[in-house]
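**Student:** Here you go, this is input-v2.txt (compact mmCIF, C-alpha atoms and all ligand atoms).
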# COMPACT_ATOMS: atom_id res chain seq x y z
CA MET O 97 151.16 107.82 66.60
CA TRP O 98 147.64 108.46 65.30
CA VAL O 99 146.09 111.86 65.87
CA MET O 100 142.42 112.56 65.17
CA VAL O 101 141.74 115.96 63.60
CA THR O 102 138.13 117.01 63.95
CA GLY O 103 137.10 119.64 61.43
CA GLY O 104 140.01 118.50 59.25
CA ALA O 105 138.03 119.19 56.06
CA GLY O 106 137.84 122.86 57.07
CA TYR O 107 140.26 125.74 56.65
CA ILE O 108 142.55 125.45 59.67
CA GLY O 109 142.05 121.71 60.19
CA SER O 110 143.29 120.90 56.68
CA HIS O 111 146.49 122.87 57.33
CA ALA O 112 146.89 121.02 60.65
CA VAL O 113 146.70 117.70 58.78
CA LEU O 114 149.64 118.76 56.59
CA ALA O 115 151.67 119.96 59.59
CA LEU O 116 151.00 116.81 61.62
CA ARG O 117 152.08 114.57 58.75
CA GLU O 118 155.22 116.63 58.24
CA ALA O 119 155.92 116.22 61.96
CA GLY O 120 155.66 112.43 61.58
CA PHE O 121 152.17 111.75 62.93
CA ASP O 122 149.50 109.62 61.27
CA VAL O 123 146.23 111.47 60.90
CA VAL O 124 142.57 110.55 60.67
CA VAL O 125 140.15 113.36 59.85
CA TYR O 126 136.74 113.35 61.50
CA ASP O 127 134.30 115.88 60.02
CA ASN O 128 130.55 116.04 59.35
CA LEU O 129 131.19 118.19 56.23
CA SER O 130 128.54 120.67 57.39
CA ARG O 131 131.00 123.49 56.66
CA GLY O 132 134.04 121.65 55.33
CA PHE O 133 134.78 120.11 51.95
CA ALA O 134 135.76 116.51 51.23
CA ASP O 135 137.64 117.67 48.14
CA ALA O 136 139.94 119.78 50.34
CA LEU O 137 141.56 116.43 51.18
CA ALA O 138 141.36 114.90 47.72
CA SER O 139 144.77 115.89 46.32
CA GLU O 140 147.95 113.80 46.38
CA ASP O 141 149.18 115.91 49.31
CA PHE O 142 146.56 114.26 51.53
CA ARG O 143 146.99 110.74 50.17
CA GLY O 144 146.57 108.15 52.94
CA VAL O 145 144.56 110.45 55.24
CA PRO O 146 141.25 108.73 56.01
CA LEU O 147 138.15 110.92 56.27
CA VAL O 148 135.44 109.68 58.62
CA ARG O 149 132.19 111.55 58.08
CA GLY O 150 130.21 112.11 61.26
CA ASP O 151 129.24 114.46 64.09
CA VAL O 152 131.65 114.80 66.99
CA GLY O 153 128.60 114.17 69.19
CA ASP O 154 128.08 110.71 67.67
CA ARG O 155 129.50 108.65 70.52
CA GLN O 156 129.29 105.35 68.67
CA LEU O 157 131.09 106.51 65.54
CA VAL O 158 133.73 108.43 67.52
CA GLY O 159 134.34 105.37 69.70
CA GLU O 160 134.61 103.07 66.68
CA THR O 161 136.95 105.48 64.90
CA VAL O 162 139.40 105.94 67.77
CA ARG O 163 139.54 102.17 68.33
CA ARG O 164 139.94 101.38 64.63
CA PHE O 165 142.92 103.73 64.22
CA GLY O 166 144.37 103.49 67.72
CA VAL O 167 144.05 107.26 68.14
CA GLN O 168 146.16 108.64 71.00
CA ALA O 169 145.61 112.39 70.75
CA VAL O 170 143.01 114.76 69.33
CA MET O 171 143.06 118.22 67.77
CA HIS O 172 139.52 119.54 67.98
CA PHE O 173 138.86 122.17 65.28
CA ALA O 174 135.26 121.16 64.51
CA ALA O 175 132.86 123.97 65.33
CA LEU O 176 130.41 126.45 63.96
CA ALA O 177 132.33 129.71 63.91
CA GLN O 178 130.36 132.65 62.55
CA VAL O 179 129.55 135.37 65.03
CA ALA O 180 126.48 136.82 63.29
CA GLU O 181 125.01 133.37 62.69
CA SER O 182 125.51 132.53 66.38
CA VAL O 183 123.52 135.63 67.38
CA ALA O 184 120.65 134.54 65.10
CA GLU O 185 120.81 130.82 66.01
CA PRO O 186 122.27 130.51 69.52
CA VAL O 187 120.77 127.09 70.25
CA GLY O 188 122.46 125.55 67.23
CA TYR O 189 125.78 127.02 68.36
CA PHE O 190 125.54 125.75 71.94
CA ARG O 191 124.35 122.37 70.68
CA ASN O 192 127.16 121.97 68.15
CA ASN O 193 130.08 123.54 69.99
CA LEU O 194 129.20 122.71 73.59
CA VAL O 195 126.74 119.81 73.82
CA GLN O 196 128.34 117.77 71.04
CA GLY O 197 131.73 118.71 72.46
CA LEU O 198 130.75 117.28 75.86
CA ASP O 199 129.74 113.96 74.34
CA PHE O 200 132.90 113.96 72.28
CA VAL O 201 135.40 114.56 75.04
CA GLU O 202 133.70 112.12 77.40
CA THR O 203 133.79 109.42 74.70
CA LEU O 204 137.51 110.07 74.26
CA LEU O 205 138.20 109.82 77.99
CA ASP O 206 136.15 106.62 78.20
CA ALA O 207 138.37 105.24 75.41
CA GLY O 208 141.50 106.18 77.37
CA ILE O 209 142.48 109.21 75.23
CA ASN O 210 143.42 112.15 77.43
CA THR O 211 145.55 114.36 75.16
CA PHE O 212 143.43 117.10 73.64
CA ILE O 213 143.98 120.39 71.84
CA PHE O 214 141.08 122.79 71.59
CA SER O 215 140.54 125.65 69.11
CA SER O 216 139.32 128.57 71.15
CA THR O 217 139.06 132.17 70.14
CA ALA O 218 139.77 135.79 71.03
CA ALA O 219 135.96 136.13 71.14
CA VAL O 220 136.08 134.72 74.71
CA TYR O 221 137.51 138.06 75.91
CA GLY O 222 134.72 140.32 74.65
CA GLU O 223 135.43 144.06 74.77
CA PRO O 224 139.12 144.35 75.76
CA GLN O 225 140.16 146.28 78.85
CA THR O 226 143.85 146.22 77.94
CA ILE O 227 145.78 145.93 74.67
CA PRO O 228 147.61 143.67 74.00
CA ILE O 229 145.34 141.05 75.57
CA PRO O 230 147.07 138.50 77.80
CA GLU O 231 145.57 135.09 78.69
CA ASP O 232 144.57 136.24 82.19
CA HIS O 233 142.48 139.11 80.80
CA PRO O 234 138.85 138.84 82.05
CA THR O 235 136.62 136.74 79.81
CA CYS O 236 133.28 138.31 78.93
CA PRO O 237 132.16 137.10 75.48
CA THR O 238 129.55 139.24 73.77
CA ASN O 239 128.04 136.63 71.43
CA PRO O 240 126.88 132.99 71.61
CA TYR O 241 129.86 131.82 69.52
CA GLY O 242 132.35 133.15 72.08
CA MET O 243 130.15 131.92 74.94
CA SER O 244 130.00 128.40 73.50
CA LYS O 245 133.80 128.33 73.25
CA LEU O 246 134.34 129.70 76.76
CA SER O 247 131.81 127.22 78.19
CA PHE O 248 133.75 124.38 76.59
CA GLU O 249 136.96 125.73 78.12
CA TYR O 250 135.27 125.30 81.53
CA VAL O 251 134.30 121.74 80.60
CA LEU O 252 137.92 120.94 79.80
CA ALA O 253 139.21 122.51 83.01
CA SER O 254 136.72 120.45 85.04
CA LEU O 255 137.67 117.26 83.23
CA ALA O 256 141.36 117.89 83.86
CA ARG O 257 140.63 117.81 87.56
CA ALA O 258 138.06 115.01 87.52
CA ARG O 259 139.36 112.69 84.80
CA GLY O 260 143.03 113.52 84.22
CA LEU O 261 142.54 115.26 80.88
CA ARG O 262 145.71 116.96 79.56
CA TYR O 263 144.67 119.71 77.25
CA ALA O 264 145.75 122.90 75.56
CA THR O 265 143.30 125.68 74.84
CA LEU O 266 144.59 127.84 72.01
CA ARG O 267 142.82 131.16 71.63
CA TYR O 268 143.23 132.31 68.06
CA PHE O 269 143.06 135.91 66.92
CA ASN O 270 142.42 136.47 63.16
CA VAL O 271 143.72 133.48 61.24
CA ALA O 272 144.56 134.19 57.60
CA GLY O 273 146.78 133.18 54.69
CA ALA O 274 147.20 129.84 52.97
CA ASP O 275 149.70 127.02 52.81
CA PRO O 276 152.82 128.53 51.12
CA GLN O 277 153.00 125.46 48.85
CA GLY O 278 149.39 125.97 47.73
CA ARG O 279 148.17 122.63 49.10
CA ALA O 280 145.38 124.16 51.23
CA GLY O 281 143.73 127.51 51.79
CA GLU O 282 140.80 129.39 53.24
CA ARG O 283 137.34 128.38 52.08
CA HIS O 284 134.22 129.34 54.00
CA ASP O 285 130.73 129.47 52.59
CA PRO O 286 129.59 132.13 53.15
CA GLU O 287 132.94 133.88 53.63
CA THR O 288 132.92 136.40 56.46
CA HIS O 289 136.66 137.01 56.99
CA LEU O 290 138.21 140.26 55.85
CA ILE O 291 141.27 139.10 53.90
CA PRO O 292 139.53 136.61 51.59
CA LEU O 293 136.72 139.13 51.08
CA VAL O 294 139.20 141.86 50.12
CA LEU O 295 140.95 139.52 47.69
CA ARG O 296 137.66 138.37 46.16
CA ALA O 297 136.75 142.02 45.67
CA ALA O 298 140.14 142.50 44.01
CA SER O 299 139.50 139.73 41.52
CA SER O 300 135.82 140.42 40.86
CA GLY O 301 136.04 144.21 40.67
CA LYS O 302 133.16 144.45 43.16
CA ALA O 303 133.43 146.52 46.35
CA VAL O 304 134.38 145.18 49.76
CA ASP O 305 132.44 146.51 52.76
CA ILE O 306 134.17 148.41 55.55
CA PHE O 307 132.00 148.02 58.63
CA GLY O 308 132.45 151.20 60.63
CA THR O 309 134.70 154.15 59.86
CA ASP O 310 134.17 156.07 63.11
CA TYR O 311 136.02 153.87 65.62
CA PRO O 312 138.51 155.53 68.00
CA THR O 313 141.47 154.29 65.93
CA PRO O 314 143.91 156.37 63.81
CA ASP O 315 141.97 155.84 60.55
CA GLY O 316 138.56 155.12 62.09
CA THR O 317 138.43 151.43 61.11
CA CYS O 318 138.75 148.36 63.34
CA ILE O 319 142.20 147.02 64.19
CA ARG O 320 142.82 143.27 64.30
CA ASP O 321 145.75 140.91 64.84
CA TYR O 322 146.37 138.58 61.87
CA ILE O 323 148.24 135.31 62.22
CA HIS O 324 149.33 133.10 59.32
CA VAL O 325 147.61 129.72 59.39
CA THR O 326 150.96 127.92 58.98
CA ASP O 327 152.31 129.63 62.11
CA LEU O 328 149.09 128.81 63.91
CA VAL O 329 149.25 125.08 63.16
CA ALA O 330 152.96 125.05 64.07
CA ALA O 331 151.90 126.19 67.55
CA HIS O 332 149.55 123.20 67.70
CA ILE O 333 152.41 120.81 67.02
CA LEU O 334 154.46 122.42 69.81
CA ALA O 335 151.51 122.19 72.19
CA LEU O 336 150.89 118.56 71.26
CA ARG O 337 154.53 117.67 71.90
CA ALA O 338 154.44 119.53 75.23
CA LEU O 339 151.34 117.58 76.30
CA LEU O 340 152.77 114.25 75.18
CA THR O 341 156.10 114.76 76.94
CA GLY O 342 154.69 116.58 79.97
CA ALA O 343 157.32 119.26 79.27
CA VAL O 344 155.37 122.11 80.81
CA ALA O 345 153.48 120.08 83.42
CA SER O 346 156.07 120.42 86.16
CA HIS O 347 155.15 124.00 87.06
CA LEU O 348 151.40 123.49 86.85
CA PRO O 349 149.14 122.68 89.80
CA SER O 350 146.64 119.79 90.00
CA GLY O 351 147.31 116.09 89.87
CA ALA O 352 147.16 113.93 86.79
CA GLY O 353 145.40 116.37 84.49
CA TYR O 354 146.27 119.90 83.53
CA GLY O 355 145.55 122.57 81.00
CA LEU O 356 147.70 124.95 79.01
CA LYS O 357 146.19 128.17 77.75
CA TYR O 358 147.80 130.24 75.04
CA ASN O 359 146.84 133.19 72.86
CA LEU O 360 147.89 132.86 69.23
CA GLY O 361 148.43 136.17 67.51
CA SER O 362 151.21 138.22 66.01
CA GLN O 363 151.08 140.97 68.68
CA LYS O 364 150.66 143.51 65.83
CA GLY O 365 147.44 145.21 64.83
CA TYR O 366 146.36 146.34 61.36
CA SER O 367 143.30 148.42 60.58
CA VAL O 368 140.83 147.42 57.87
CA ARG O 369 142.11 150.25 55.67
CA GLU O 370 145.74 149.14 56.22
CA ILE O 371 144.81 145.62 55.12
CA ILE O 372 143.16 146.95 51.96
CA THR O 373 146.17 149.15 51.13
CA ALA O 374 148.58 146.24 51.70
CA ALA O 375 146.35 143.98 49.57
CA GLU O 376 146.38 146.54 46.75
CA LYS O 377 150.18 146.28 46.66
CA VAL O 378 150.01 142.49 46.43
CA VAL O 379 147.36 142.37 43.69
CA GLY O 380 148.85 145.33 41.80
CA HIS O 381 145.72 147.45 41.46
CA SER O 382 143.23 149.39 43.55
CA ILE O 383 140.34 147.66 45.31
CA LYS O 384 136.87 149.20 45.50
CA VAL O 385 135.43 149.77 48.97
CA ARG O 386 131.98 150.56 50.29
CA GLU O 387 131.70 152.23 53.67
CA ALA O 388 128.99 150.63 55.80
CA GLY O 389 127.85 151.09 59.40
CA ARG O 390 129.40 149.39 62.41
CA ARG O 391 128.43 145.78 63.14
CA PRO O 392 127.11 145.33 66.68
CA GLY O 393 129.62 143.78 69.09
CA ASP O 394 132.77 144.54 67.05
CA PRO O 395 135.46 145.87 69.44
CA ALA O 396 137.59 148.71 68.04
CA VAL O 397 140.91 146.94 68.66
CA LEU O 398 141.85 143.29 69.27
CA VAL O 399 145.55 142.51 69.54
CA ALA O 400 147.02 139.50 71.32
CA SER O 401 149.82 139.20 73.73
CA SER O 402 151.27 135.82 72.79
CA GLU O 403 154.28 136.16 75.11
CA ARG O 404 153.27 133.10 77.11
CA ILE O 405 153.57 130.55 74.29
CA ARG O 406 156.71 132.27 73.01
CA GLN O 407 158.33 131.87 76.39
CA GLU O 408 156.99 128.47 77.45
CA LEU O 409 157.10 126.62 74.12
CA GLY O 410 159.51 128.77 72.10
CA TRP O 411 156.88 129.51 69.45
CA GLN O 412 157.86 132.18 66.97
CA PRO O 413 155.64 133.22 64.05
CA ARG O 414 157.57 133.15 60.75
CA PHE O 415 155.17 134.97 58.46
CA GLY O 416 154.08 138.62 58.50
CA LEU O 417 151.25 140.45 56.77
CA ASP O 418 152.97 140.45 53.36
CA GLU O 419 153.24 136.64 53.34
CA ILE O 420 149.70 136.31 54.65
CA LEU O 421 148.39 138.38 51.75
CA ALA O 422 150.67 136.82 49.12
CA THR O 423 149.73 133.23 50.05
CA ALA O 424 146.03 134.12 50.35
CA TRP O 425 146.18 135.82 46.93
CA ALA O 426 147.87 132.79 45.35
CA TRP O 427 145.10 130.61 46.82
CA GLU O 428 142.37 132.98 45.62
CA GLN O 429 143.77 132.88 42.08
CA LYS O 430 143.89 129.08 42.19
CA ARG O 431 140.27 129.05 43.38
CA GLN O 432 139.25 131.35 40.52
CA THR O 433 140.96 129.06 37.99
CA VAL O 434 139.22 125.98 39.39
CA ASN O 435 135.83 127.75 39.40
CA LYS O 436 136.36 128.94 35.82
CA GLY O 437 137.33 125.44 34.70
CA GLN O 438 134.22 124.01 36.35
CA SER O 439 131.86 126.52 34.75
CA GLU O 440 133.43 125.92 31.32
CA GLU O 441 132.97 122.19 31.90
CA HIS O 442 129.26 122.77 32.75
CA GLY O 443 128.84 125.06 29.73
CA ARG O 444 129.91 122.33 27.30
N1 LIG G 1 139.29 131.08 61.20
C1 LIG G 1 139.55 131.87 62.25
O1 LIG G 1 140.02 133.03 62.08
C2 LIG G 1 139.31 131.38 63.66
C3 LIG G 1 139.54 132.27 64.72
C4 LIG G 1 139.32 131.81 66.02
C5 LIG G 1 138.95 130.50 66.25
N2 LIG G 1 138.72 129.66 65.20
C6 LIG G 1 138.32 128.28 65.47
O2 LIG G 1 139.11 127.40 64.70
C7 LIG G 1 138.36 126.24 64.34
C8 LIG G 1 138.47 126.00 62.85
O3 LIG G 1 138.01 127.15 62.15
P1 LIG G 1 137.95 127.19 60.56
O4 LIG G 1 138.06 128.62 60.16
O5 LIG G 1 138.89 126.19 60.01
O6 LIG G 1 136.43 126.73 60.31
P2 LIG G 1 135.83 125.78 59.16
O7 LIG G 1 134.36 126.05 59.14
O8 LIG G 1 136.60 125.94 57.90
O9 LIG G 1 136.10 124.31 59.72
C9 LIG G 1 135.31 123.73 60.73
C10 LIG G 1 135.07 122.30 60.34
O10 LIG G 1 134.37 121.64 61.39
C11 LIG G 1 133.35 120.81 60.80
N3 LIG G 1 132.32 120.64 61.84
C12 LIG G 1 131.56 121.61 62.41
N4 LIG G 1 130.76 121.08 63.35
C13 LIG G 1 131.02 119.74 63.39
C14 LIG G 1 130.52 118.66 64.15
N5 LIG G 1 129.57 118.83 65.06
N6 LIG G 1 131.02 117.41 63.94
C15 LIG G 1 131.97 117.21 62.99
N7 LIG G 1 132.49 118.20 62.24
C16 LIG G 1 132.02 119.46 62.43
C17 LIG G 1 132.92 121.55 59.55
O11 LIG G 1 132.32 120.70 58.59
C18 LIG G 1 134.24 122.15 59.06
O12 LIG G 1 134.91 121.28 58.17
C19 LIG G 1 136.94 126.48 64.84
O13 LIG G 1 136.80 125.79 66.06
C20 LIG G 1 136.88 127.98 65.06
O14 LIG G 1 135.98 128.31 66.09
C21 LIG G 1 138.89 130.07 63.91
How does the structure come out when it is put into structure tokens?

**Tutor:**
Amino acid sequence: MWVMVTGGAGYIGSHAVLALREAGFDVVVYDNLSRGFADALASEDFRGVPLVRGDVGDRQLVGETVRRFGVQAVMHFAALAQVAESVAEPVGYFRNNLVQGLDFVETLLDAGINTFIFSSTAAVYGEPQTIPIPEDHPTCPTNPYGMSKLSFEYVLASLARARGLRYATLRYFNVAGADPQGRAGERHDPETHLIPLVLRAASSGKAVDIFGTDYPTPDGTCIRDYIHVTDLVAAHILALRALLTGAVASHLPSGAGYGLKYNLGSQKGYSVREIITAAEKVVGHSIKVREAGRRPGDPAVLVASSERIRQELGWQPRFGLDEILATAWAWEQKRQTVNKGQSEEHGR
């Protein structure tokens, strides 16, 4: 069965491609390469995975692609996903994540594809009222990124009722780590995520910023819930199978269509300082830090309750913080070697 992976040239999407192929699916990647990298899919490990370059809002190209490959299900990772950028450029975020998303999902339904997995985010919750955060926690996003994702969740819920869409919304907490076999890893430009920034600081000798040291947490820094990307994409495979077999549909209301909604996190929180200390153990030396002020809109603590997917789909994360840091560090070292090789090549 062919699955289309939008955003498959990005960080999480490229790991999903590997997991889908290991699970026996054929995969076509659809990505406009605005934030992703074609060379992420260039190695032998991705041999036979076609990359179609285009916007998810391009109805004609999406329609042609799903017909050409006989796509039957979609994992939709494509999005703009930087909070600060979304505050500065909200229109671009709503246009990309919501308006293009609307065109995309309608094109799929018109083509008879009604199995859909959506990458949502903990940012839909806003400032938490309870920790850990369950799926029925009130949603009150504090930035256009989270708002664009929550708006698209409403679109999906409406289309389940109106058009028989069967979808899973997966709300990720902090995704980190790299493929344990080194076939894929995190690569954002600019990078805004803590773990790759800490590891880059470790290899460059420069300082990593700690944004806020006066939060009401034991060491004053923000606490977040980190989930290994391999565990995250494993949850996508379980959700896809559940949608395809209708395994969890029996206890859900509404007729032909339905939606599953799951948080994906480890249910454990680590502060920024704890991450830096754990990273120092992995890299074997101390890492310089620079204490900076709080960033607006950063909640003190975000930790998921992911009980629902554990119970309904039997999902169980395999990797803890040590493996997250070890695989991310292996990827960072590989990246450094490639960069060094390229600059030597240019210098010749
Ligand atoms: N990384 C995290 O910690 C995290 C946390 C919560 C949610 N998410 C969500 O997971 C998804 C993947 O995140 P990521 O970290 O892999 O990001 P990423 O930037 O590495 O990948 C996103 C990919 O989508 C592509 N893309 C963006 N807009 C597109 C469009 N209109 N048409 C076609 N392709 C488009 C980009 O080129 C890129 O390859 C996103 O939807 C993001 O909101 C990520």

**Student:** For Leu293 in chain O, work out the shell of residues within 12 Å, counting all atoms listed in the file and skipping chain neighbours fewer than 2 positions away, then give it as JSON, numbers by chain.

**Tutor:** {"O": [272, 282, 283, 284, 285, 286, 287, 288, 289, 290, 291, 295, 296, 297, 298, 299, 300, 301, 302, 303, 304, 305, 306, 368, 371, 372, 375, 383, 384, 385, 421, 424, 425, 428]}

**Student:** Throw together the list of residues within 8 Å of ligand LIG 1 (chain G), counting all atoms listed in the file, and drop it here as a PyMOL selection string.

**Tutor:** chain O and resi 102-110+126-133+149-153+172-178+192-193+196-197+214-219+241+245+267-272+282-284+289

**Student:** At what distance in Å, to one decimal, does CA of Leu137 in chain O lie from CA of Gly273 in chain O?

**Tutor:**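 Atom-to-atom, CA of Gly273 in chain O and CA of Leu137 in chain O are spaced 17.9 Å apart.
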
**Student:** Between CA of Val397 in chain O and CA of Glu370 in chain O, what is the spacing in Å?

**Tutor:** 13.5 Å

**Student:** Which residue, O:Ala264, O:Leu417, O:Val201, O:Ala330, has the smallest gap to Leu114 in chain O when you use only C-alpha atoms?

**Tutor:**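 So, comparing all the options, the nearest one is O:Ala330.
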
**Student:** From the list O:Phe307, O:Tyr358, O:Phe121, O:Phe165, which residue is nearest Pro230 in chain O when using only C-alpha atoms?

**Tutor:**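 Closest to Pro230 in chain O, using only C-alpha atoms: O:Tyr358.
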
**Student:** One number please: CA of Ala331 in chain O to CA of Thr226 in chain O, in Å, one decimal.

**Tutor:** 24.0 Å

**Student:** Taking all atoms listed in the file into account, name the residue in O:Ser382, O:Thr265, O:Thr423, O:Gln432 that is nearest to Glu231 in chain O.

**Tutor:**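 Of O:Ser382, O:Thr265, O:Thr423, O:Gln432, the one nearest Glu231 in chain O is O:Thr265, counting all atoms listed in the file.
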
**Student:** For range 275-280 of chain O, what centre and edge lengths in Å (one decimal) does the axis-aligned box get once 4 Å is added on each side of all its listed atoms, as AutoDock Vina command-line options?

**Tutor:**
--center_x 149.2 --center_y 125.6 --center_z 50.3 --size_x 15.6 --size_y 13.9 --size_z 13.1

**Student:** Dump as a PDB file with C-alpha atoms, keeping the file's coordinate frame all residues having an atom at most 12 Å from (137.5, 156.0, 63.7), computed in the file's coordinates with all atoms listed in the file.

**Tutor:**
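Final file, out03.pdb:
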ATOM      1  CA  ILE O 306     134.170 148.410  55.550  1.00  0.00           C
ATOM      2  CA  PHE O 307     132.000 148.020  58.630  1.00  0.00           C
ATOM      3  CA  GLY O 308     132.450 151.200  60.630  1.00  0.00           C
ATOM      4  CA  THR O 309     134.700 154.150  59.860  1.00  0.00           C
ATOM      5  CA  ASP O 310     134.170 156.070  63.110  1.00  0.00           C
ATOM      6  CA  TYR O 311     136.020 153.870  65.620  1.00  0.00           C
ATOM      7  CA  PRO O 312     138.510 155.530  68.000  1.00  0.00           C
ATOM      8  CA  THR O 313     141.470 154.290  65.930  1.00  0.00           C
ATOM      9  CA  PRO O 314     143.910 156.370  63.810  1.00  0.00           C
ATOM     10  CA  ASP O 315     141.970 155.840  60.550  1.00  0.00           C
ATOM     11  CA  GLY O 316     138.560 155.120  62.090  1.00  0.00           C
ATOM     12  CA  THR O 317     138.430 151.430  61.110  1.00  0.00           C
ATOM     13  CA  CYS O 318     138.750 148.360  63.340  1.00  0.00           C
ATOM     14  CA  ILE O 319     142.200 147.020  64.190  1.00  0.00           C
ATOM     15  CA  SER O 367     143.300 148.420  60.580  1.00  0.00           C
ATOM     16  CA  VAL O 368     140.830 147.420  57.870  1.00  0.00           C
ATOM     17  CA  ARG O 369     142.110 150.250  55.670  1.00  0.00           C
ATOM     18  CA  GLY O 389     127.850 151.090  59.400  1.00  0.00           C
ATOM     19  CA  ARG O 390     129.400 149.390  62.410  1.00  0.00           C
ATOM     20  CA  PRO O 395     135.460 145.870  69.440  1.00  0.00           C
ATOM     21  CA  ALA O 396     137.590 148.710  68.040  1.00  0.00           C
ATOM     22  CA  VAL O 397     140.910 146.940  68.660  1.00  0.00           C
TER      23      VAL O 397
END

**Student:** Measuring atom to atom with all atoms listed in the file, identify which of O:Tyr354, O:Ala343, O:Ala335, O:Val434 is nearest to Trp411 in chain O.

**Tutor:** O:Ala335

**Student:** Between O:Met243, O:Met171, O:Ala138, O:Val101, which one has atoms that come closest to Ala280 in chain O, using all atoms listed in the file?

**Tutor:**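 Distance minimum relative to Ala280 in chain O lands on O:Ala138.
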
**Student:** Between O:Asp154, O:Glu202, O:Asp275, O:Glu181, single out the one closest to Asp141 in chain O, counting all atoms listed in the file.

**Tutor:** O:Asp275

**Student:** Set the distance at 8 Å and use all atoms listed in the file: which residues neighbour His332 in chain O once local chain neighbours fewer than 4 positions away are removed? I'd like the list as a list in words.

**Tutor:**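 Here the qualifying residues turn out to be Ala112, Ile213, Leu328 and Leu336 of chain O.
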